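File shown here: protein-v1.txt, holding compact mmCIF, C-alpha atoms (C1' of nucleotides).
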# COMPACT_ATOMS: atom_id res chain seq x y z
CA MET U 1 -11.02 -34.08 -11.69
CA ALA U 2 -8.86 -31.88 -13.84
CA ARG U 3 -9.28 -29.85 -16.99
CA THR U 4 -12.88 -28.68 -17.09
CA GLN U 5 -14.98 -28.09 -20.12
CA GLY U 6 -14.21 -24.99 -22.12
CA SER U 7 -10.84 -24.27 -20.58
CA HIS U 8 -8.44 -22.33 -22.78
CA GLY U 9 -5.07 -20.82 -22.07
CA ASP U 10 -5.62 -17.84 -24.31
CA ILE U 11 -8.66 -16.92 -22.24
CA THR U 12 -7.36 -17.76 -18.80
CA GLY U 13 -4.13 -15.81 -19.32
CA PRO U 14 -5.76 -12.39 -19.70
CA LYS U 15 -8.27 -13.24 -16.99
CA VAL U 16 -5.43 -13.82 -14.55
CA ARG U 17 -3.93 -10.46 -15.40
CA GLU U 18 -7.26 -8.68 -15.04
CA ALA U 19 -8.10 -10.34 -11.74
CA ALA U 20 -4.66 -9.50 -10.35
CA LEU U 21 -5.03 -5.90 -11.53
CA ARG U 22 -8.40 -5.46 -9.92
CA LEU U 23 -7.55 -7.18 -6.66
CA PHE U 24 -4.11 -5.59 -6.23
CA ALA U 25 -5.66 -2.16 -6.78
CA GLN U 26 -8.53 -2.79 -4.40
CA GLU U 27 -6.81 -4.53 -1.53
CA GLY U 28 -3.08 -4.27 -2.13
CA PHE U 29 -0.51 -6.76 -3.35
CA ALA U 30 0.38 -8.13 0.08
CA ALA U 31 -3.24 -8.56 1.10
CA VAL U 32 -4.26 -10.61 -1.95
CA SER U 33 -3.47 -14.32 -2.08
CA MET U 34 -2.90 -16.42 -5.15
CA ARG U 35 -5.96 -18.43 -4.12
CA ARG U 36 -8.09 -15.28 -4.21
CA ILE U 37 -6.88 -14.45 -7.70
CA ALA U 38 -7.48 -18.03 -8.81
CA GLY U 39 -10.97 -17.88 -7.34
CA GLU U 40 -11.79 -14.78 -9.39
CA VAL U 41 -10.54 -16.46 -12.54
CA GLY U 42 -12.40 -19.67 -11.78
CA VAL U 43 -9.44 -22.04 -11.46
CA GLN U 44 -7.39 -23.58 -8.69
CA ALA U 45 -4.30 -21.74 -7.41
CA GLY U 46 -1.90 -24.14 -9.07
CA ALA U 47 -3.18 -23.25 -12.53
CA LEU U 48 -1.97 -19.66 -12.15
CA TYR U 49 1.59 -20.88 -12.48
CA LEU U 50 0.96 -21.74 -16.11
CA TYR U 51 0.65 -18.01 -16.74
CA THR U 52 3.12 -16.40 -14.37
CA PRO U 53 6.32 -17.73 -12.81
CA ASP U 54 5.29 -16.26 -9.45
CA LYS U 55 3.26 -13.60 -7.68
CA GLN U 56 6.02 -11.02 -7.81
CA THR U 57 6.21 -11.21 -11.60
CA LEU U 58 2.47 -10.75 -11.81
CA LEU U 59 2.89 -7.39 -10.06
CA PHE U 60 6.05 -6.39 -11.88
CA ASP U 61 4.58 -7.06 -15.33
CA LEU U 62 1.52 -4.94 -14.58
CA MET U 63 3.70 -2.01 -13.56
CA ARG U 64 6.27 -2.35 -16.32
CA GLU U 65 3.69 -2.59 -19.10
CA HIS U 66 1.83 0.37 -17.65
CA LEU U 67 4.86 2.63 -17.61
CA GLU U 68 6.04 1.49 -21.03
CA GLU U 69 2.65 2.38 -22.42
CA LEU U 70 2.77 5.74 -20.65
CA LEU U 71 6.10 6.49 -22.30
CA ALA U 72 4.91 5.27 -25.68
CA ASN U 73 1.85 7.48 -25.35
CA TRP U 74 3.69 10.78 -25.18
CA SER U 75 6.74 12.46 -26.57
CA ALA U 76 7.14 16.19 -26.94
CA PRO U 77 5.50 17.46 -30.14
CA ASP U 78 7.38 19.78 -32.44
CA ALA U 79 5.89 22.97 -31.03
CA PRO U 80 6.67 25.90 -28.73
CA PRO U 81 7.19 25.02 -25.03
CA LEU U 82 3.79 26.27 -23.96
CA ALA U 83 2.04 24.04 -26.48
CA GLN U 84 4.27 21.13 -25.47
CA LEU U 85 3.33 21.66 -21.84
CA GLU U 86 -0.36 21.77 -22.62
CA ASP U 87 -0.01 18.59 -24.65
CA PHE U 88 1.75 16.94 -21.74
CA ALA U 89 -0.81 18.01 -19.15
CA ARG U 90 -3.76 16.89 -21.23
CA HIS U 91 -2.19 13.58 -22.21
CA HIS U 92 -1.21 12.92 -18.63
CA ILE U 93 -4.69 13.47 -17.25
CA ARG U 94 -6.36 11.57 -20.05
CA PHE U 95 -3.98 8.61 -19.77
CA HIS U 96 -4.27 8.42 -15.99
CA LEU U 97 -8.04 8.80 -15.83
CA ALA U 98 -8.37 5.99 -18.36
CA ARG U 99 -6.56 3.44 -16.18
CA PRO U 100 -7.00 4.32 -12.52
CA GLU U 101 -6.19 0.82 -11.26
CA LEU U 102 -2.84 0.62 -13.01
CA VAL U 103 -1.95 4.11 -11.84
CA PHE U 104 -2.82 3.22 -8.30
CA ILE U 105 -0.75 0.04 -8.36
CA ALA U 106 2.26 1.64 -10.03
CA TYR U 107 2.19 4.22 -7.28
CA MET U 108 1.35 2.20 -4.19
CA GLU U 109 3.08 -1.09 -4.70
CA LEU U 110 6.61 0.11 -5.36
CA ARG U 111 7.77 -1.15 -1.99
CA ASN U 112 6.55 -4.64 -2.77
CA LEU U 113 8.88 -4.93 -5.74
CA GLU U 114 12.07 -6.89 -5.35
CA PRO U 115 15.12 -4.62 -5.62
CA GLU U 116 15.95 -5.50 -9.20
CA ASN U 117 12.38 -4.98 -10.39
CA PHE U 118 12.19 -1.75 -8.43
CA ARG U 119 15.16 -0.34 -10.29
CA VAL U 120 13.54 -1.10 -13.64
CA ILE U 121 10.32 0.66 -12.69
CA GLU U 122 12.19 3.59 -11.18
CA ARG U 123 14.13 4.05 -14.41
CA LEU U 124 10.96 4.17 -16.48
CA ARG U 125 9.35 6.67 -14.13
CA ARG U 126 12.46 8.80 -14.15
CA GLU U 127 12.42 8.84 -17.93
CA TYR U 128 8.89 10.22 -17.89
CA GLU U 129 9.82 12.94 -15.44
CA ASP U 130 12.81 13.88 -17.55
CA ARG U 131 10.60 14.45 -20.56
CA LEU U 132 8.49 16.97 -18.67
CA GLU U 133 11.55 18.64 -17.21
CA ALA U 134 13.00 19.07 -20.71
CA VAL U 135 9.89 20.99 -21.69
CA LEU U 136 10.15 23.21 -18.64
CA LYS U 137 13.82 23.86 -19.31
CA ALA U 138 13.09 24.80 -22.91
CA GLY U 139 10.35 27.16 -21.82
CA GLN U 140 12.60 28.67 -19.22
CA ALA U 141 15.39 29.19 -21.73
CA ALA U 142 12.95 30.83 -24.11
CA GLY U 143 11.77 33.15 -21.35
CA GLU U 144 8.22 31.81 -21.58
CA PHE U 145 8.20 30.11 -18.18
CA GLU U 146 9.36 31.36 -14.86
CA VAL U 147 10.23 28.44 -12.58
CA PRO U 148 12.88 28.78 -9.88
CA ASP U 149 13.69 25.08 -10.12
CA THR U 150 12.73 22.87 -13.04
CA LYS U 151 13.14 19.56 -11.21
CA LEU U 152 10.94 20.74 -8.40
CA ALA U 153 8.35 22.14 -10.76
CA THR U 154 8.37 18.82 -12.61
CA MET U 155 7.53 16.91 -9.46
CA ALA U 156 4.92 19.46 -8.38
CA ILE U 157 3.12 19.35 -11.73
CA ILE U 158 3.11 15.56 -11.95
CA ALA U 159 1.86 15.26 -8.37
CA MET U 160 -0.90 17.76 -9.03
CA LEU U 161 -2.04 16.12 -12.26
CA THR U 162 -1.86 12.56 -10.97
CA GLY U 163 -3.86 13.70 -7.96
CA VAL U 164 -6.92 13.82 -10.19
CA ASN U 165 -7.19 10.08 -9.79
CA THR U 166 -7.74 10.37 -6.05
CA TRP U 167 -11.08 12.10 -6.42
CA TYR U 168 -12.37 11.85 -10.00
CA ARG U 169 -15.35 9.54 -10.42
CA GLU U 170 -17.13 8.82 -13.69
CA GLY U 171 -20.46 10.57 -13.97
CA GLY U 172 -19.56 13.22 -11.42
CA ARG U 173 -20.07 16.95 -11.51
CA LEU U 174 -17.39 17.56 -14.15
CA ASP U 175 -16.57 15.56 -17.27
CA ARG U 176 -13.04 14.64 -18.27
CA ASP U 177 -12.60 17.48 -20.72
CA ALA U 178 -13.60 20.05 -18.14
CA VAL U 179 -11.21 18.61 -15.57
CA GLU U 180 -8.45 18.53 -18.15
CA SER U 181 -8.94 22.19 -19.01
CA ILE U 182 -9.13 23.40 -15.43
CA TYR U 183 -5.97 21.56 -14.46
CA TRP U 184 -4.15 22.75 -17.55
CA ASP U 185 -5.10 26.29 -16.62
CA MET U 186 -3.59 25.91 -13.16
CA VAL U 187 -0.40 24.39 -14.58
CA ARG U 188 -0.11 27.16 -17.13
CA LYS U 189 -0.45 29.87 -14.53
CA ALA U 190 1.88 28.12 -12.07
CA VAL U 191 4.80 28.24 -14.50
CA ALA U 192 3.89 31.52 -16.15
CA ALA U 193 6.16 34.53 -15.96
CA GLY U 194 5.12 37.13 -13.42
CA MET R 195 11.06 -17.37 31.71
CA ALA R 196 8.93 -14.25 31.74
CA ARG R 197 9.40 -10.67 32.69
CA THR R 198 13.00 -9.77 31.95
CA GLN R 199 15.15 -7.28 33.76
CA GLY R 200 14.34 -3.61 33.22
CA SER R 201 10.98 -4.14 31.57
CA HIS R 202 8.53 -1.28 31.88
CA GLY R 203 5.15 -0.69 30.37
CA ASP R 204 5.63 3.03 30.00
CA ILE R 205 8.66 2.38 27.82
CA THR R 206 7.39 -0.55 25.81
CA GLY R 207 4.14 1.23 24.90
CA PRO R 208 5.77 4.03 22.88
CA LYS R 209 8.27 1.59 21.43
CA VAL R 210 5.44 -0.48 20.02
CA ARG R 211 3.93 2.59 18.41
CA GLU R 212 7.26 3.66 16.92
CA ALA R 213 8.11 0.21 15.59
CA ALA R 214 4.68 -0.11 14.00
CA LEU R 215 5.01 3.35 12.47
CA ARG R 216 8.39 2.60 10.95
CA LEU R 217 7.55 -0.86 9.70
CA PHE R 218 4.11 0.01 8.32
CA ALA R 219 5.65 2.92 6.43
CA GLN R 220 8.52 0.89 5.06
CA GLU R 221 6.82 -2.33 4.12
CA GLY R 222 3.09 -1.79 4.40
CA PHE R 223 0.53 -2.81 6.97
CA ALA R 224 -0.36 -6.14 5.37
CA ALA R 225 3.27 -7.13 4.89
CA VAL R 226 4.28 -6.58 8.52
CA SER R 227 3.49 -9.23 11.11
CA MET R 228 2.94 -8.74 14.80
CA ARG R 229 5.98 -10.91 15.38
CA ARG R 230 8.11 -8.52 13.33
CA ILE R 231 6.90 -5.56 15.36
CA ALA R 232 7.52 -7.45 18.59
CA GLY R 233 11.00 -8.32 17.40
CA GLU R 234 11.80 -4.63 16.83
CA VAL R 235 10.55 -3.78 20.28
CA GLY R 236 12.43 -6.64 21.86
CA VAL R 237 9.50 -8.63 23.26
CA GLN R 238 7.45 -11.63 22.23
CA ALA R 239 4.36 -11.15 20.07
CA GLY R 240 1.97 -11.82 22.93
CA ALA R 241 3.24 -8.82 24.86
CA LEU R 242 2.01 -6.43 22.18
CA TYR R 243 -1.54 -7.12 23.24
CA LEU R 244 -0.93 -5.31 26.50
CA TYR R 245 -0.64 -2.12 24.45
CA THR R 246 -3.10 -2.55 21.64
CA PRO R 247 -6.28 -4.61 21.37
CA ASP R 248 -5.26 -5.77 17.90
CA LYS R 249 -3.22 -5.00 14.79
CA GLN R 250 -6.01 -3.01 13.15
CA THR R 251 -6.20 -0.61 16.09
CA LEU R 252 -2.45 -0.10 15.92
CA LEU R 253 -2.89 1.23 12.38
CA PHE R 254 -6.05 3.16 13.08
CA ASP R 255 -4.59 4.98 16.07
CA LEU R 256 -1.55 6.07 14.09
CA MET R 257 -3.73 7.54 11.37
CA ARG R 258 -6.30 9.13 13.64
CA GLU R 259 -3.74 10.83 15.85
CA HIS R 260 -1.88 12.06 12.80
CA LEU R 261 -4.92 13.69 11.26
CA GLU R 262 -6.10 15.13 14.56
CA GLU R 263 -2.71 16.74 14.99
CA LEU R 264 -2.86 18.06 11.44
CA LEU R 265 -6.20 19.68 12.16
CA ALA R 266 -5.01 21.06 15.49
CA ASN R 267 -1.96 22.50 13.76
CA TRP R 268 -3.79 24.81 11.42
CA SER R 269 -6.87 26.98 11.34
CA ALA R 270 -7.29 29.98 9.11
CA PRO R 271 -5.68 33.08 10.64
CA ASP R 272 -7.56 36.36 10.81
CA ALA R 273 -6.10 37.78 7.62
CA PRO R 274 -6.87 38.39 3.95
CA PRO R 275 -7.41 35.26 1.81
CA LEU R 276 -4.00 35.48 0.17
CA ALA R 277 -2.25 35.54 3.53
CA GLN R 278 -4.47 32.69 4.71
CA LEU R 279 -3.53 30.65 1.67
CA GLU R 280 0.17 31.28 2.17
CA ASP R 281 -0.17 30.28 5.79
CA PHE R 282 -1.91 27.09 4.74
CA ALA R 283 0.65 26.16 2.10
CA ARG R 284 3.61 26.76 4.39
CA HIS R 285 2.05 24.93 7.32
CA HIS R 286 1.08 22.02 5.11
CA ILE R 287 4.57 21.55 3.71
CA ARG R 288 6.23 22.02 7.07
CA PHE R 289 3.88 19.63 8.83
CA HIS R 290 4.18 16.95 6.17
CA LEU R 291 7.94 17.15 5.77
CA ALA R 292 8.29 16.77 9.53
CA ARG R 293 6.52 13.38 9.64
CA PRO R 294 6.95 11.59 6.32
CA GLU R 295 6.16 8.17 7.75
CA LEU R 296 2.79 9.17 9.19
CA VAL R 297 1.89 10.97 5.98
CA PHE R 298 2.79 7.92 3.96
CA ILE R 299 0.73 5.61 6.12
CA ALA R 300 -2.30 7.90 6.30
CA TYR R 301 -2.24 7.95 2.53
CA MET R 302 -1.37 4.39 1.59
CA GLU R 303 -3.09 2.28 4.18
CA LEU R 304 -6.63 3.60 3.87
CA ARG R 305 -7.77 0.40 2.21
CA ASN R 306 -6.53 -1.66 5.13
CA LEU R 307 -8.88 0.10 7.52
CA GLU R 308 -12.04 -1.64 8.55
CA PRO R 309 -15.11 0.20 7.23
CA GLU R 310 -15.95 1.94 10.50
CA ASN R 311 -12.39 3.14 11.02
CA PHE R 312 -12.19 4.22 7.40
CA ARG R 313 -15.17 6.49 7.84
CA VAL R 314 -13.57 8.20 10.83
CA ILE R 315 -10.36 8.90 8.93
CA GLU R 316 -12.24 10.04 5.85
CA ARG R 317 -14.19 12.51 7.93
CA LEU R 318 -11.03 14.03 9.39
CA ARG R 319 -9.42 14.31 5.99
CA ARG R 320 -12.54 15.89 4.59
CA GLU R 321 -12.51 18.46 7.35
CA TYR R 322 -8.99 19.47 6.41
CA GLU R 323 -9.93 19.85 2.75
CA ASP R 324 -12.92 21.94 3.69
CA ARG R 325 -10.73 24.39 5.55
CA LEU R 326 -8.64 25.02 2.47
CA GLU R 327 -11.69 25.26 0.26
CA ALA R 328 -13.15 27.90 2.58
CA VAL R 329 -10.06 30.02 2.02
CA LEU R 330 -10.34 29.63 -1.74
CA LYS R 331 -14.01 30.52 -1.65
CA ALA R 332 -13.30 33.64 0.40
CA GLY R 333 -10.55 34.68 -2.00
CA GLN R 334 -12.80 34.04 -4.94
CA ALA R 335 -15.62 36.08 -3.41
CA ALA R 336 -13.17 38.93 -2.75
CA GLY R 337 -12.01 38.81 -6.35
CA GLU R 338 -8.47 37.99 -5.29
CA PHE R 339 -8.42 34.45 -6.68
CA GLU R 340 -9.59 33.14 -10.00
CA VAL R 341 -10.44 29.47 -9.73
CA PRO R 342 -13.08 27.87 -11.96
CA ASP R 343 -13.88 25.28 -9.31
CA THR R 344 -12.90 25.61 -5.65
CA LYS R 345 -13.28 21.91 -4.81
CA LEU R 346 -11.09 20.92 -7.69
CA ALA R 347 -8.50 23.58 -6.87
CA THR R 348 -8.51 22.33 -3.26
CA MET R 349 -7.65 18.82 -4.34
CA ALA R 350 -5.05 20.01 -6.85
CA ILE R 351 -3.27 22.17 -4.29
CA ILE R 352 -3.23 19.51 -1.60
CA ALA R 353 -1.97 16.90 -4.06
CA MET R 354 0.76 19.20 -5.24
CA LEU R 355 1.90 20.15 -1.75
CA THR R 356 1.76 16.64 -0.34
CA GLY R 357 3.76 15.50 -3.33
CA VAL R 358 6.81 17.09 -1.76
CA ASN R 359 7.11 14.04 0.44
CA THR R 360 7.69 11.77 -2.55
CA TRP R 361 11.00 13.32 -3.46
CA TYR R 362 12.29 15.54 -0.62
CA ARG R 363 15.28 14.13 1.23
CA GLU R 364 17.05 15.80 4.14
CA GLY R 365 20.38 17.31 3.17
CA GLY R 366 19.46 17.56 -0.50
CA ARG R 367 19.93 20.42 -2.92
CA LEU R 368 17.24 22.59 -1.36
CA ASP R 369 16.43 23.19 2.29
CA ARG R 370 12.91 23.16 3.67
CA ASP R 371 12.46 26.91 3.58
CA ALA R 372 13.44 27.09 -0.06
CA VAL R 373 11.05 24.28 -0.98
CA GLU R 374 8.30 25.94 1.01
CA SER R 375 8.77 29.25 -0.82
CA ILE R 376 8.96 27.74 -4.28
CA TYR R 377 5.80 25.70 -3.76
CA TRP R 378 3.96 28.64 -2.26
CA ASP R 379 4.91 30.65 -5.31
CA MET R 380 3.40 28.05 -7.62
CA VAL R 381 0.22 27.85 -5.56
CA ARG R 382 -0.09 31.63 -5.50
CA LYS R 383 0.23 31.87 -9.26
CA ALA R 384 -2.09 28.94 -9.91
CA VAL R 385 -5.01 30.62 -8.17
CA ALA R 386 -4.11 34.18 -9.15
CA ALA R 387 -6.43 36.26 -11.28
CA GLY R 388 -5.38 36.51 -14.94
C1' DG P 389 -10.26 -44.17 -33.13
C1' DA P 390 -5.69 -43.67 -31.09
C1' DT P 391 -2.20 -40.56 -29.67
C1' DT P 392 -0.42 -36.41 -28.32
C1' DT P 393 -0.41 -32.17 -25.86
C1' DA P 394 -2.13 -28.18 -23.44
C1' DT P 395 -4.78 -27.34 -19.45
C1' DC P 396 -6.15 -27.91 -14.89
C1' DT P 397 -7.03 -30.29 -10.32
C1' DG P 398 -6.20 -31.46 -5.66
C1' DA P 399 -3.22 -32.65 -2.37
C1' DA P 400 0.84 -31.74 -0.16
C1' DC P 401 4.89 -28.94 1.72
C1' DA P 402 7.05 -26.08 5.10
C1' DG P 403 6.26 -22.08 7.12
C1' DG P 404 3.85 -17.84 8.73
C1' DC P 405 -0.39 -15.49 10.40
C1' DG P 406 -3.19 -12.90 14.47
C1' DT P 407 -4.56 -13.88 18.80
C1' DT P 408 -5.16 -16.15 23.50
C1' DC P 409 -3.70 -17.57 27.95
C1' DA P 410 -1.68 -20.16 31.88
C1' DA P 411 2.55 -19.79 33.96
C1' DT P 412 6.42 -17.09 35.32
C1' DT P 413 9.27 -13.30 36.73
C1' DC P 414 10.48 -9.02 38.73
C1' DA P 415 9.74 -4.49 40.99
C1' DA P 416 7.28 -2.06 44.35
C1' DC P 417 4.71 -1.81 48.61
C1' DC P 418 3.52 -2.94 53.44
C1' DG M 419 10.44 -10.46 54.15
C1' DG M 420 6.16 -11.55 52.39
C1' DT M 421 2.63 -10.13 49.34
C1' DT M 422 0.72 -8.01 45.48
C1' DG M 423 0.23 -6.90 40.75
C1' DA M 424 2.07 -5.37 36.42
C1' DA M 425 4.88 -7.13 32.63
C1' DT M 426 6.26 -10.77 29.86
C1' DT M 427 7.07 -15.46 28.05
C1' DG M 428 6.27 -19.41 25.26
C1' DA M 429 3.31 -22.61 23.70
C1' DA M 430 -0.76 -23.43 21.52
C1' DC M 431 -5.03 -22.52 18.45
C1' DG M 432 -6.95 -22.85 13.76
C1' DC M 433 -6.14 -20.98 9.64
C1' DC M 434 -3.80 -19.05 5.62
C1' DT M 435 0.49 -18.45 2.67
C1' DG M 436 3.24 -19.21 -2.12
C1' DT M 437 4.64 -22.86 -4.67
C1' DT M 438 5.23 -27.67 -6.60
C1' DC M 439 3.77 -31.72 -8.92
C1' DA M 440 1.82 -36.27 -10.06
C1' DG M 441 -2.28 -37.42 -12.02
C1' DA M 442 -6.52 -36.56 -14.63
C1' DT M 443 -9.04 -34.63 -18.44
C1' DA M 444 -10.49 -32.72 -22.83
C1' DA M 445 -9.34 -30.83 -27.17
C1' DA M 446 -6.42 -31.12 -31.27
C1' DT M 447 -3.86 -33.93 -34.36
C1' DC M 448 -3.01 -37.85 -37.10

Write out the structure in this file as structure tokens.
Amino acid sequence: MARTQGSHGDITGPKVREAALRLFAQEGFAAVSMRRIAGEVGVQAGALYLYTPDKQTLLFDLMREHLEELLANWSAPDAPPLAQLEDFARHHIRFHLARPELVFIAYMELRNLEPENFRVIERLRREYEDRLEAVLKAGQAAGEFEVPDTKLATMAIIAMLTGVNTWYREGGRLDRDAVESIYWDMVRKAVAAG
Amino acid sequence: MARTQGSHGDITGPKVREAALRLFAQEGFAAVSMRRIAGEVGVQAGALYLYTPDKQTLLFDLMREHLEELLANWSAPDAPPLAQLEDFARHHIRFHLARPELVFIAYMELRNLEPENFRVIERLRREYEDRLEAVLKAGQAAGEFEVPDTKLATMAIIAMLTGVNTWYREGGRLDRDAVESIYWDMVRKAVAAG
DNA sequence: GATTTATCTGAACAGGCGTTCAATTCAACC
DNA sequence: GGTTGAATTGAACGCCTGTTCAGATAAATC
């Protein structure tokens, strides 16, 4: 037996990516075998290698594309620092709530990246942090924010906002807009003067 | 060959725990084999089973003991809500910075717990969250805090504080006390009225 | 209808996995 | 000095791992 009826590369390709995404997020990169992924897609393990050179690249591509999209999704608008910060906070929450699996993987599977791939991902993440820090620095310079340390505040804000993903569930007590507003309010106050 | 010179159960036991802790934190539970752990300890894989019934229990015990210690380490002092909150924030940062590996494992390896073990850990974590939420509720009732949602604020604060572990490195720009104070300041402002 | 080409199978490779257990060794006790 | 018992080895169990590849199949092209 070989090629079964209705098999198409342009369908199987995305299916491989989606199965890897779901399984890596649920059980972790190291715990998921290529045979499991193949099973989800409906092919034998060997067929996966038509769509990825190896398992590591499957993980790396998911993370790289995720972070590139994150960066493409936000750059500081031409506005006062406070408005820039609000824009950042709301975009961050919205973006992260929309793709919980990718967020989880990009966060949890760093140690399973080979050194070279790790450096690439780290650079992208660092770039995102720098964008927020630039906003905080601008606000500090303008006297609108009062943060003793912009780098530290950057990390604290990102950790707080990303933390939404650990508890938010669709159809829960609060909808996304409400969560967004409440978190923005806490961020605003945390960096406010006084 | 068998028992080598100078072998002692009361030494090997802790060494197994420490090796597992270090390796699980560095490379992840699923990526570390019993043979690797045994190699770090300096015994053969079979000897590990004198100190743990299986690999799963090795992980579970690390997490359970960590969370039990966390709970034992803090209960709300007899003081006004603001002082209670400061006490919480400072204890949380201090406790977490002191054991980064356990924190990392308790956070990252939840999905590698068997269902029954998972429930135990979840319950302990929930208890910790509830203690913070009680403080926020008290402060809200006293009109000292202004939080639109105490559960959400609980999660936001814990995420923010635990986030310290992702970037803090010993001997860096800021010492622990400075970090503690800066984070407490952000927490204080985030829940403040106004 | 024949040929080409993309797609996939199924077996194989060499190695690693968690766990068990009889056999062995060494330290402590009588 | 002989006996006991805890500590450990090393081999074995059955199974799973990522990856490769010759061969088979079905769709697309001519």

Within 9 Å of (7.1, 18.6, -15.5) (file coordinates; only C-alpha atoms (C1' of nucleotides)), which protein or nucleic acid residues are there? I'd like them as a compact mmCIF listing (two decimals) with C-alpha atoms, in the coordinates of the input.
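Full text of part39.txt as output:
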# COMPACT_ATOMS: atom_id res chain seq x y z
CA LEU U 85 3.33 21.66 -21.84
CA PHE U 88 1.75 16.94 -21.74
CA ALA U 89 -0.81 18.01 -19.15
CA TYR U 128 8.89 10.22 -17.89
CA GLU U 129 9.82 12.94 -15.44
CA ASP U 130 12.81 13.88 -17.55
CA ARG U 131 10.60 14.45 -20.56
CA LEU U 132 8.49 16.97 -18.67
CA GLU U 133 11.55 18.64 -17.21
CA ALA U 134 13.00 19.07 -20.71
CA VAL U 135 9.89 20.99 -21.69
CA LEU U 136 10.15 23.21 -18.64
CA THR U 150 12.73 22.87 -13.04
CA LYS U 151 13.14 19.56 -11.21
CA LEU U 152 10.94 20.74 -8.40
CA ALA U 153 8.35 22.14 -10.76
CA THR U 154 8.37 18.82 -12.61
CA MET U 155 7.53 16.91 -9.46
CA ALA U 156 4.92 19.46 -8.38
CA ILE U 157 3.12 19.35 -11.73
CA ILE U 158 3.11 15.56 -11.95

Report, as JSON, the centre and edge lengths in Å (one decimal) of the axis-aligned box enclosing every listed atom of region 45-49 of chain U, padded by 5 Å on each side.
{"center_x": -1.4, "center_y": -21.9, "center_z": -10.0, "size_x": 15.9, "size_y": 14.5, "size_z": 15.1}

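Residue-level contacts from chain M to chain U at 7 Å, counting all atoms listed in the file, read DA442, DT443 and DA444 of chain M.
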
TODO: For chain R, list the residues within 9 Å of chain U, counting all atoms listed in the file, and write the list as a PyMOL selection string.
DONE: chain R and resi 220-225+302+305-306+341-343+346-347+349-358+360-361+373+376-377+379-386+388

- [ ] At a cut-off of 6 Å, list the chain P residues touching chain U, using only C-alpha atoms (C1' of nucleotides), as a PyMOL selection string.
- [x] chain P and resi 395-397

TODO: Take CA of Glu69 (chain U) and CA of Asp10 (chain U) and report the distance between them in Å, one decimal.
DONE: 21.9 Å

Open item on the list: For a test of reading the model, state the distance in Å between CA of Val103 (chain U) and CA of His66 (chain U), rounded to one decimal.
Closed with: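 Taking CA of Val103 (chain U) as the start and CA of His66 (chain U) as the end point, the length is 7.9 Å.
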
- [ ] Could you tell me which of R:Ala232, R:Arg288, R:Glu262, R:Ala273 comes closest to Gly333 (chain R) if we count all atoms listed in the file?
- [x]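 For Gly333 (chain R), the nearest of the given residues is R:Ala273.
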
- [ ] Enter the distance from C1' of DC417 (chain P) to CA of Thr246 (chain R), in Å, rounded to one decimal.
- [x] 28.1 Å

Open item on the list: So, with all atoms listed in the file as the atoms that count, which of R:Lys209, R:His286, R:Arg317, R:Arg363 lies closest to Asn267 (chain R)?
Closed with: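 That would be R:His286, the residue with the smallest distance to Asn267 (chain R).
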
Open item on the list: From (-5.8, -29.6, -27.2), in the file's coordinates, out to 6 Å: which residues are reached, counting all atoms listed in the file? Answer as a list of chain:residue names.
Closed with: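 Those residues, ordered by chain and then number, are P:DA394, M:DA445, M:DA446.
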